[in-house]
Each structure stands twice: as C-alpha cells, then as structure tokens.
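Below is one structure; the comments refer to it alone.
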There are 2 protein chains.
Amino acid sequence: MALIVQKFGGTSVGSVERIRNVARRVAKWRAAGHSIVVVPSAMAGETNRLIALAREIQPQPDRRELDVVASTGEQVTIGLLSMALIELGLKARSYTGWQVKVQTDSAHAKARIVAIEHERLRHDLAEGYVAVVAGFQGIDTQGNITTLGRGGSDTSAVALAAALKADECQIYTDVDGVYTTDPRIVPQARRLKTVTFEEMLEMASLGSKVLQIRAVEFAGKYRVRLRVLSSLTDPMLPVAEEAEAGTLITFEDDPTMVMEKAVISGVAFNRDEAKITVHDVPDRPGVAYAILGPIAEANIDVDVIVQNVGHDGMTDLSFTVNRADCARAMKILKEQVQPHIKCREVSGDEKIAKLSLVGLGMRSHVGIASQMFRTLAEEGINIQMITTSEIKISVVIDEKYLELAVRVLHNAFELERE
Amino acid sequence: MALIVQKFGGTSVGSVERIRNVARRVAKWRAAGHSIVVVPSAMAGETNRLIALAREIQPQPDRRELDVVASTGEQVTIGLLSMALIELGLKARSYTGWQVKVQTDSAHAKARIVAIEHERLRHDLAEGYVAVVAGFQGIDTQGNITTLGRGGSDTSAVALAAALKADECQIYTDVDGVYTTDPRIVPQARRLKTVTFEEMLEMASLGSKVLQIRAVEFAGKYRVRLRVLSSLTDPMLPVAEEAEAGTLITFEDDPTMVMEKAVISGVAFNRDEAKITVHDVPDRPGVAYAILGPIAEANIDVDVIVQNVGHDGMTDLSFTVNRADCARAMKILKEQVQPHIKCREVSGDEKIAKLSLVGLGMRSHVGIASQMFRTLAEEGINIQMITTSEIKISVVIDEKYLELAVRVLHNAFELERE
C-alpha cells in the first residue's frame with residue numbers, strides 16, 4: 001500500500017499514556033497495510049528543561065554542546081515509542097539522526113538538512129518494521145550532532161518523506177486542520193479539506209501557526225503531500241475517517257484536489273506588527289535604501305513596504321516591522337537616518353493589524369480587491385496600507401477593527417460554505 | 001606531562017553546582033600541564049528515572065530501545081560538563097560512545113567493549129582540548145547504541161585509558177580510597193596508599209564496593225594504573241596533595257609502589273551469603289557434580305565450596321550462595337538431588353558471614369593462617385568453613401561475631417600502622 005511519514009508533536013507524546021495512544025494510532029495505520037515512518041518530537045517541556053539546565057551552567061551555552069544536550073529529548077521519545085509499538089506486537093525500531101543518517105550543515109541550533117541516507121530505513125521498512133526516527137536532529141560532515149532549531153521536527157518529517165518518496169507526510173497536531181480563518185473570531189470558520197502550498201505559505205507567513213513555514217516550503221519544493229491531522233481524535237477512528245478529518249496541503253494539479261475550488265481559501269491576519277512612516281522624503285533614487293539599509297543592518301525584519309507616487313518632489317515611505325522591534329527601529333531612523341535625508345517626520349503606530357485574503361482563484365477572478373475594499377468601507381474601516389501578490393491581498397488597518405473586519409470579510413466571501 | 005583519564009560518578013555530577021566543581025577540578029589538573037580525558041556518569045538518579053519511564057511503557061523493556069533511552073543520561077552530562085569547562089576558559093569537546101567510537105558487542109544492557117578508535121581523541125588532545133567522553137555506552141558493529149550495564153562508566157574510563165595508553169586512570173568517588181577494612185566497624189582502619197590489582201580483586205569480590213570488579217579486572221589485564229580519589233575534597237586542593245589523598249591500585253613491579261609493603265593489606269567481609277550443607281553423601285566420583293550441576297543450571301552462583309576427606313565411605317559437601325538464592329537452592333537440592341544421591345540431610349544457614357585476610361605478603365610469610373585461627377579462637381569464635389588462595393584466607397563464621405572478628409584481626413595484624 002502506501003508509504004506514510006507521521007509526525008507527532010511534543011504534546012502528543014507528552015506522557016506515557018499519550019505515547020501509548022500514538023502507538024495505537026500508528027498500529028492502526030500499519031494494520032491498514034501501510035508502511036510507516038514515525039517522527040516524534042521530545043516530550044512536551046523536555047527541550048525547555050534541557051535548555052534551562054544548560055543555561056544554568058553557561059548563560060550563553062556553547063552551541064555545539066547545547067545540541068548534544070538538547071538532542072537527547074527526541075532520543076528518549078523514539079526509544080519509548082518503539083517500546084510502546086513492540087508492546088502492541090508490532091516490529092519497530094528507533095533511529096537517531098546519526099543512525100539514519102540525516103546529514104546537515106554545521107550551523108548548530110539551526111542546521112539545514114543537506115541529504116538523507118535512507119538505505120537502512122528502506123531495508124527495515126521492507127522487513128515490516130515501523131521506523132521511529134528522531135526529529136529535530138542530524139549530524140554534520142565532521143560527525144557532530146546538530147539540531148534544526150525549534151519546530152524542526154516538522155522539517156525532519158517532510159525531509160524524510162521527500163527522501164523516501166513517501167506518498168504522504170502526516171503532521172499530527174492539536175488542531176484538526178487549516179481553517180478559513182481563526183474559529184475563535186469567526187465561529188462559522190470552516191476547515192479546508194484541501195489547500196495548495198502557495199496558499200498555505202501565504203497563510204503561514206500571515207500568522208496561521210498550524211505548521212512551521214520552513215516545513216511547508218520544504219514540502220512544496222520537494223513535492224511532498226502534507227496532511228494536517230488532529231492527535232486529539234479517538235486513536236481507534238478508522239483510517240479513512242481520520243484522513244478525512246484533516247486538511248491536505250498539496251499541488252494544484254493533484255487529482256485529489258477538491259474540484260470546485262473556492263476563489264478565496266481564507267482570511268489570515270497578524271497582530272504582531274507595527275507600522276512606521278517616514279513623511280515627506282525627497283522623491284529621488286536611493287532614498288528607500290537610505291531608510292531601510294540601517295534597519296536591515298540592525299537585523300530588524302521588515303514585512304510590508306509601501307511607497308506611493310510622489311508630489312512636489314516629495315513622497316512618504318511606510319513599512320511594517322515586528323512590534324517588539326518598533327522602538328529600536330524608530331530610534332535608528334530618528335538618530336541615524338533623519339539627519340541625512342532631511343525628511344519632515346518619522347511616526348510609528350503599534351496599534352495596527354494586517355489582514356489578508358488568500359486564494360489561488362484570485363488569479364482568474366477580477367473584482368476580489370474591490371469587493372474587499374467595499375466590504376471594509378461599509379463598516380467604516382479605514383485602510384492604511386495595501387499590498388498585493390498574485391494570490392493575496394493584504395491591508396493594514398487599525399487593530400481595534402480587526403475582529404470586525406475578519407467577520408465581515410468571511411461573510412462577504414461566503415467562506416463558511418463548502 | 002602526563003595523559004590522565006578522570007572518571008566522575010553520578011553523585012559527583014548530580015547538580016549544576018557539582019558539575020561546576022568537577023570542571024574546576026579538571027581545570028586544575030589541566031593547569032598543571034596534563035592532558036585530560038573526563039568520563040562522567042549520568043547525573044545521580046537520571047538513569048533510574050529513564051528506566052522507570054521505560055518500564056511504565058513496557059514492563060520488560062525491549063533491550064535495544066532501553067539502551068537508546070538509558071544512554072541519554074550520560075549524553076546530557078558530557079554536554080553540560082563541556083559547557084562548564086568552556087565557561088572556565090578551557091577548550092573542551094564532548095564525545096558520545098559512537099563519536100569516539102567505543103565499539104562493543106551487541107549484548108544490550110551488558111555489552112562488552114571490543115575496541116576503541118582513538119584517533120580523533122588523540123588529535124583533539126594534541127590541540128589542547130579536554131575530551132569529555134560519555135561513559136557506560138558504545139556502539140555495536142550494526143550501528144546500534146549499546147550500554148555496558150550498571151557501573152559501566154568505570155569500565156569505560158579504564159578502557160579509554162588502556163586504548164590511549166594513559167599514564168593513569170583516576171576514579172573519583174564518594175570515598176577517598178581503599179581501606180584496610182570498613183571504617184564503620186574499625187574506626188582505626190587505615191587508607192592504603194597503594195594496593196596491588198591481585199589484592200584489590202580479592203577485596204572487591206569479597207564485598208569492598210569501592211570499584212566495579214569488572215573495571216579492576218580490565219585495568220589489571222591492560223596494565224592501567226588506577227587511582228581512587230575522593231570527589232568531596234576541596235576542588236582547589238593542589239594536584240600533588242589530591243593524588244596523595246587517594247589509593248593507587250597498581251602492579252607489584254610499579255616503582256611507585258610503597259617499598260615496605262605490609263604482609264596483610266586488609267580484612268574484607270561479606271554478609272550477603274548463606275551456607276548450604278549436604279550431609280553424608282556417598283564419597284564417590286561424580287557426587288559434587290550431581291549436587292552442584294542442578295544449582296548451576298538454575299543460574300545460582302556458588303562462591304565457596306568445601307569438601308573434606310570422607311569417613312566410612314561418606315562425606316559432607318558445603319557451599320555458599322547469595323542469600324537471596326538460598327531458599328531456591330534448598331528446594332532444588334531437596335526435590336531434585338536428594339532422591340538420587342541418597343544423602344542423609346540438606347541443611348541451610350542464612351546467618352553466616354564470610355571474612356578474609358588479603359595480602360600479597362602471604363606468599364612469603366608463613367604462619368598467617370595459624371595466627372588468624374588463634375586470634376578467632378581466643379574470642380571463642382567458631383570457624384565453620386575455610387578456603388585459601390595464594391593471597392587470601394577466607395573463613396565462614398556465625399554472622400553475629402562478624403564485627404568482633406574484624407576488629408580483633410585488624411588489631412592482631414596491626415593494620416592501623418603504616
């Protein structure tokens with residue numbers, strides 16, 4: 001049948017009882033005839049405990065040694081989960097990153113996977129073993145232990161699926177899929193049965209925290225079908241029903257993609273940003289660089305950037321940064337930039353929110369933007385900034401209108417309907 | 001200067017503060033110009049915690065997977081200790097068993113070291129690094145993680161010292177050396193500055209729990225000088241004083257061996273045994289096997305065996321077993337053995353103790369045994385069994401006289417004197 005990689009997060013393996021439930025779930029898929037590779041995270045809280053211990057010894061822990069310590073969390077889980085599977089009567093075997101081996105570069109704590117040797121896994125899978133592989137870890141060319149950074153187990157799972165050419169990579173988490181918007185704001189929000197990688201990437205970058213954006217990029221690049229599933233459902237739910245209860249992230253040309261795809265997939269939003277505007281700067285070449293260069297040098301990420309046509313040789317330039325970086329960015333602009341470019345004023349606004357409509361269908365449907373703007377205008381919501389991409393329209397608005405805006409847009413585009 | 005392997009037990013690395021103290025101690029030896037390999041155990045309690053977790057999942061944990069889980073304890077310690085050394089300004093680097101690599105057989109949970117690749121360690125030591133190597137663990141030829149069994153870190157340290165041809169292997173523990181007898185029984189008991197491997201092996205097998213007997217055997221076989229030191233002394237004690245404060249276990253021909261070696265090194269004892277006697281068995285070939293064969297088949301270890309000359313074609317055979325095995329051994333003898341060999345009676349006595357004088361000097365001094373027996377007789381202590389080896393005389397006596405016997409022998413042979 002199929003070869004499936006299943007990834008379980010720290011909460012899903014957070015106790016002995018939960019590890020047993022994961023084992024039951026894996027056994028069910030195995031019983032349905034599939035070959036299974038399982039990638040568990042460390043037990044919830046364990047990685048934090050280990051890092052805290054390291055910081056007690058060394059406030060800025062040596063990066064190589066921190067990886068040696070932190071990688072033990074996943075090593076414990078793979079051993080325990082293998083035992084739980086063996087206890088259920090299955091053949092199971094655990095693999096650390098170096099046993100697989102998962103070859104990475106040497107960037108400790110944020111290593112990137114370079115290659116995966118999969119001969120031994122293939123051999124054991126062919127013999128009927130469930131392969132239980134430690135996520136989050138690898139080995140560099142000098143034989144040092146590396147870790148992929150927080151959330152790296154998602155990336156490990158996708159990379160394994162790519163290397164093994166698995167039919168599907170299933171990410172079990174504490175939500176049951178990707179929604180048209182946050183159900184806490186719009187109770188009618190609907191779980192998407194399918195979504196494309198392009199849409200998922202836009203939604204992840206806009207603050208939908210279902211999956212690590214790096215894992216989604218990786219899956220898209222290597223054409224790995226991703227399925228988000230809930231680890232909170234009954235472990236004995238039949239496999240067909242379990243798969244139906246999640247969201248499949250795949251390619252536009254995937255035959256299982258829902259045929260009558262909606263124009264808009266979802267309304268995403270982000271409250272973590274602040275807006276900075278530099279007023280009345282001379283409208284001449286090099287000004288954008290003069291403003292944003294010092295910001296980049298200070299390692300401050302800039303998200304939306306908007307500059308409109310000038311008037312009387314002057315223009316305004318606005319951009320958004322992470323809210324935590326706003327004060328620092330303002331200081332740089334006022335002290336280092338303003339004296340040189342002779343702008344009139346630098347202003348900051350932390351009470352903004354970014355809101356986006358995302359959907360592949362935008363490419364072929366006109367009028368989406370105008371319908372969006374009209375809907376917001378009818379509620380008296382002023383739009384401060386607008387940016388667009390091929391499959392997304394983002395606006396920056398006053399934060400206090402965010403919930404209202406999400407609700408009216410969700411309703412206007414009838415996202416609650418299948 | 002010298003190449004020294006230093007092993008620290010679980011109590012010595014049981015907390016962040018204690019790990020810092022170990023780092024200070026290592027730094028001190030490094031500052032004295034020595035090359036250092038450190039072998040720490042898991043933090044006290046950690047191995048038990050991991051095994052308990054495994055048993056919750058699987059009452060009889062899969063042995064391969066248990067080693068995957070249990071070996072993480074030492075992996076955490078090597079990372080933390082390396083950080084503590086780096087924090088003190090030293091160059092330090094950790095190595096797991098597979099990174100060294102420590103090649104073992106595949107007997108999970110009780111693996112034996114087959115070979116140690118030491119090129120990388122040598123290279124790093126030459127560059128001035130302190131090498132921090134995980135004890136208790138290795139890797140088999142298939143790349144599986146193995147552990148050496150409880151107390152295996154002592155063996156790891158000795159094996160590394162042998163492979164690297166180290167000048168000395170220092171075992172830091174919570175006692176400060178090997179004593180002429182247990183100081184809790186004889187307050188005048190004296191710490192031995194030197195003791196030979198042969199003597200140490202006899203004393204270890206008789207219940208002196210300072211070192212793992214396997215590590216002592218290993219050190220003797222590969223001619224590794226062993227030094228037992230206390231990890232409870234001031235970490236800043238000068239190195240010469242620190243070395244003097246322990247016990248050196250070495251070879252008779254070691255030039256540093258104390259010249260005027262005493263005849264007797266110590267009085268060792270063991271309260272964990274029980275005595276079983278088979279009375280009036282026919283004195284003919286094959287009887288000893290008929291009695292002890294079924295005991296061995298039941299995996300019961302037999303220690304002392306005594307059979308005296310017979311009388312009227314009959315003899316008695318006595319032997320000692322671990323006290324916990326006594327009831328089982330008695331049952332086997334009464335049900336399986338007695339009906340065949342037609343002995344008169346099988347009796348057991350759990351209230352015995354074994355007591356031994358150990359000393360290389362016995363080989364060249366006559367009269368030790370008779371002085372021992374006279375001393376015990378003067379106190380009215382009856383001797384139930386006697387066995388001798390070249391450097392040891394053991395007697396089995398009533399357990400209630402044990403402390404008295406140890407005290408009078410310690411006194412009679414003037415063991416408190418240098």
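Residue names in the structure tokens use chain letters A, B, ... in the order shown, residue numbers from 1 in each chain, and ligand numbers from 1 in the order shown.
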Please give the complete set of residues from region 113-240 of chain B that DSSP, run on the backbone, assigns to strand (DSSP E or B), formatted as a ChimeraX atom specification. /B:113-116,130-133,137-139,145-147,168-173,179,191,194-196,226-230
Kindly export the residues of the current selection with N, CA and C atoms, as a compact mmCIF listing (two decimals), in the first residue's frame.
# COMPACT_ATOMS: atom_id res chain seq x y z
N ILE B 113 33.19 -4.06 25.76
CA ILE B 113 33.97 -3.25 24.83
C ILE B 113 34.90 -4.14 24.03
N VAL B 114 34.88 -3.98 22.71
CA VAL B 114 35.72 -4.80 21.82
C VAL B 114 36.94 -3.99 21.37
N ALA B 115 36.73 -2.73 21.07
CA ALA B 115 37.84 -1.89 20.59
C ALA B 115 37.44 -0.44 20.75
N ILE B 116 38.44 0.42 20.80
CA ILE B 116 38.18 1.86 20.87
C ILE B 116 39.00 2.57 19.81
N VAL B 130 40.20 19.45 26.35
CA VAL B 130 39.80 18.44 27.31
C VAL B 130 38.73 17.61 26.60
N ALA B 131 38.93 16.30 26.55
CA ALA B 131 37.95 15.42 25.89
C ALA B 131 36.98 14.90 26.95
N VAL B 132 35.69 15.16 26.76
CA VAL B 132 34.67 14.73 27.72
C VAL B 132 33.88 13.59 27.08
N VAL B 133 34.12 12.37 27.53
CA VAL B 133 33.58 11.19 26.87
C VAL B 133 32.47 10.55 27.71
N GLN B 137 28.47 3.71 27.61
CA GLN B 137 27.83 3.47 26.31
C GLN B 137 28.81 3.18 25.19
N GLY B 138 28.30 2.52 24.17
CA GLY B 138 29.09 2.22 22.99
C GLY B 138 28.20 2.02 21.79
N ILE B 139 28.75 1.39 20.77
CA ILE B 139 28.01 1.16 19.53
C ILE B 139 28.45 -0.20 19.01
N ILE B 145 23.05 1.55 19.40
CA ILE B 145 23.56 2.05 20.67
C ILE B 145 23.52 0.91 21.69
N THR B 146 24.62 0.76 22.44
CA THR B 146 24.66 -0.26 23.49
C THR B 146 25.04 0.41 24.81
N THR B 147 24.70 -0.26 25.92
CA THR B 147 25.22 0.20 27.22
C THR B 147 25.93 -0.97 27.89
N GLU B 168 47.59 7.19 33.76
CA GLU B 168 46.84 6.87 34.97
C GLU B 168 45.35 7.05 34.70
N CYS B 169 44.53 6.22 35.35
CA CYS B 169 43.08 6.39 35.30
C CYS B 169 42.61 6.69 36.71
N GLN B 170 42.05 7.88 36.89
CA GLN B 170 41.62 8.32 38.23
C GLN B 170 40.11 8.16 38.37
N ILE B 171 39.70 7.41 39.38
CA ILE B 171 38.28 7.20 39.62
C ILE B 171 37.87 8.04 40.83
N TYR B 172 37.11 9.11 40.57
CA TYR B 172 36.64 9.97 41.67
C TYR B 172 35.32 9.40 42.19
N THR B 173 35.24 9.25 43.50
CA THR B 173 34.05 8.65 44.08
C THR B 173 33.77 9.29 45.43
N TYR B 179 40.43 1.04 52.06
CA TYR B 179 40.84 0.97 53.47
C TYR B 179 41.20 -0.46 53.88
N ARG B 191 43.64 4.12 55.45
CA ARG B 191 43.59 4.18 54.00
C ARG B 191 44.92 3.65 53.45
N THR B 194 48.84 2.37 48.53
CA THR B 194 48.93 1.55 47.33
C THR B 194 48.37 0.17 47.64
N VAL B 195 47.87 -0.48 46.63
CA VAL B 195 47.40 -1.86 46.76
C VAL B 195 47.59 -2.49 45.37
N THR B 196 47.85 -3.78 45.32
CA THR B 196 48.05 -4.39 44.00
C THR B 196 46.71 -4.82 43.41
N LEU B 226 45.42 2.53 38.29
CA LEU B 226 44.14 3.08 38.72
C LEU B 226 44.35 3.86 40.01
N ARG B 227 43.72 5.02 40.13
CA ARG B 227 43.81 5.74 41.39
C ARG B 227 42.39 6.09 41.84
N VAL B 228 42.05 5.69 43.06
CA VAL B 228 40.74 6.03 43.64
C VAL B 228 40.91 7.32 44.44
N LEU B 229 40.07 8.31 44.13
CA LEU B 229 40.18 9.62 44.76
C LEU B 229 38.81 10.09 45.23
N SER B 230 38.79 10.97 46.21
CA SER B 230 37.52 11.49 46.69
C SER B 230 37.11 12.72 45.90
Could you name the residues that touch Leu53 (chain B) at 12 Å or less, counting only C-alpha atoms, but leaving out those on the same chain fewer than 6 positions away, as a list of chain:residue names?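 Within the cut-off, the hits are A:Ser15, A:Val16, A:Glu17, A:Ile19, A:Met43, A:Val76, A:Thr77, A:Gly79, A:Leu80, A:Leu81, A:Met83, A:Ala84, B:Glu46, B:Thr47, B:Pro59, B:Gln60, B:Pro61, B:Leu66, B:Val69, B:Ala70.
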Would you mind listing what lies within 6 Å of Asp105 (chain B) as a PyMOL selection string, with only C-alpha atoms counted and same-chain residues fewer than 4 positions away left out? chain B and resi 111-112+140
Using only C-alpha atoms: which of A:Leu333, A:Leu85, A:Leu211, A:Ala162 has the shortest distance to Val26 (chain A):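 Once distances to Val26 (chain A) are computed over only C-alpha atoms, the minimum belongs to A:Leu85.
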From the options A:Arg284, A:Arg407, A:His279, A:Arg328, which residue's atoms come nearest to Ala296 (chain A), counting only C-alpha atoms?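 Selected residue with least distance to Ala296 (chain A): A:Arg328.
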Nearby residues (only C-alpha atoms) at most 12 Å from Arg374 (chain A), same-chain spacing under 6 positions excluded, as an MDAnalysis selection string: chainID A and resid 367:368 380:383 405 408:409 412
Who sits within 8 Å of Gly149 (chain A), only C-alpha atoms, same chain under 4 positions skipped, as a ChimeraX atom specification: /A:109-111,136
With only C-alpha atoms as the counted atoms, please give the residues lying no more than 8 Å from Glu399 (chain A), apart from itself and same-chain residues fewer than 5 positions off, as a PyMOL selection string. chain A and resi 271+351-353
Spatial neighbours of Leu355 (chain B), 9 Å, only C-alpha atoms, chain gap at least 3 places, as a list in words: Leu206, Val267, Ala268, Phe269, Asn270, Arg271, Ile393, Ser394, Val395, Val396, Ile397, Leu402, Ala405 and Val406 of chain B
Restricting it to N, CA and C atoms, dump the selection as a PDB file, in the first residue's frame.
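Generated file (result-v2.pdb):
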ATOM      1  N   LEU B 206      35.118  -9.744  47.618  1.00  0.00           N
ATOM      2  CA  LEU B 206      34.682 -10.037  48.987  1.00  0.00           C
ATOM      3  C   LEU B 206      33.746  -8.966  49.509  1.00  0.00           C
ATOM      4  N   VAL B 267      41.266  -6.553  55.762  1.00  0.00           N
ATOM      5  CA  VAL B 267      40.286  -7.542  56.200  1.00  0.00           C
ATOM      6  C   VAL B 267      38.987  -7.235  55.451  1.00  0.00           C
ATOM      7  N   ALA B 268      38.618  -8.120  54.557  1.00  0.00           N
ATOM      8  CA  ALA B 268      37.396  -7.907  53.791  1.00  0.00           C
ATOM      9  C   ALA B 268      36.313  -8.848  54.315  1.00  0.00           C
ATOM     10  N   PHE B 269      35.050  -8.504  54.061  1.00  0.00           N
ATOM     11  CA  PHE B 269      33.990  -9.393  54.539  1.00  0.00           C
ATOM     12  C   PHE B 269      32.748  -9.253  53.682  1.00  0.00           C
ATOM     13  N   ASN B 270      31.845 -10.172  53.838  1.00  0.00           N
ATOM     14  CA  ASN B 270      30.640 -10.245  53.029  1.00  0.00           C
ATOM     15  C   ASN B 270      29.540 -10.887  53.856  1.00  0.00           C
ATOM     16  N   ARG B 271      28.433 -10.160  53.992  1.00  0.00           N
ATOM     17  CA  ARG B 271      27.298 -10.680  54.772  1.00  0.00           C
ATOM     18  C   ARG B 271      26.172 -11.154  53.874  1.00  0.00           C
ATOM     19  N   ILE B 393      43.040 -15.730  52.797  1.00  0.00           N
ATOM     20  CA  ILE B 393      42.455 -16.812  53.603  1.00  0.00           C
ATOM     21  C   ILE B 393      41.048 -16.370  53.959  1.00  0.00           C
ATOM     22  N   SER B 394      40.052 -17.191  53.617  1.00  0.00           N
ATOM     23  CA  SER B 394      38.669 -16.859  53.949  1.00  0.00           C
ATOM     24  C   SER B 394      38.120 -17.863  54.946  1.00  0.00           C
ATOM     25  N   VAL B 395      37.339 -17.362  55.883  1.00  0.00           N
ATOM     26  CA  VAL B 395      36.630 -18.257  56.802  1.00  0.00           C
ATOM     27  C   VAL B 395      35.160 -17.870  56.824  1.00  0.00           C
ATOM     28  N   VAL B 396      34.310 -18.871  57.063  1.00  0.00           N
ATOM     29  CA  VAL B 396      32.888 -18.600  57.243  1.00  0.00           C
ATOM     30  C   VAL B 396      32.604 -18.767  58.733  1.00  0.00           C
ATOM     31  N   ILE B 397      31.965 -17.753  59.324  1.00  0.00           N
ATOM     32  CA  ILE B 397      31.656 -17.790  60.762  1.00  0.00           C
ATOM     33  C   ILE B 397      30.204 -17.385  60.988  1.00  0.00           C
ATOM     34  N   LEU B 402      30.690 -11.264  63.409  1.00  0.00           N
ATOM     35  CA  LEU B 402      31.461 -10.646  62.329  1.00  0.00           C
ATOM     36  C   LEU B 402      32.232  -9.405  62.771  1.00  0.00           C
ATOM     37  N   ALA B 405      35.085 -10.200  65.036  1.00  0.00           N
ATOM     38  CA  ALA B 405      36.171 -10.871  64.328  1.00  0.00           C
ATOM     39  C   ALA B 405      36.991  -9.873  63.507  1.00  0.00           C
ATOM     40  N   VAL B 406      36.322  -8.965  62.818  1.00  0.00           N
ATOM     41  CA  VAL B 406      37.029  -7.973  62.005  1.00  0.00           C
ATOM     42  C   VAL B 406      37.923  -7.114  62.905  1.00  0.00           C
TER      43      VAL B 406
END
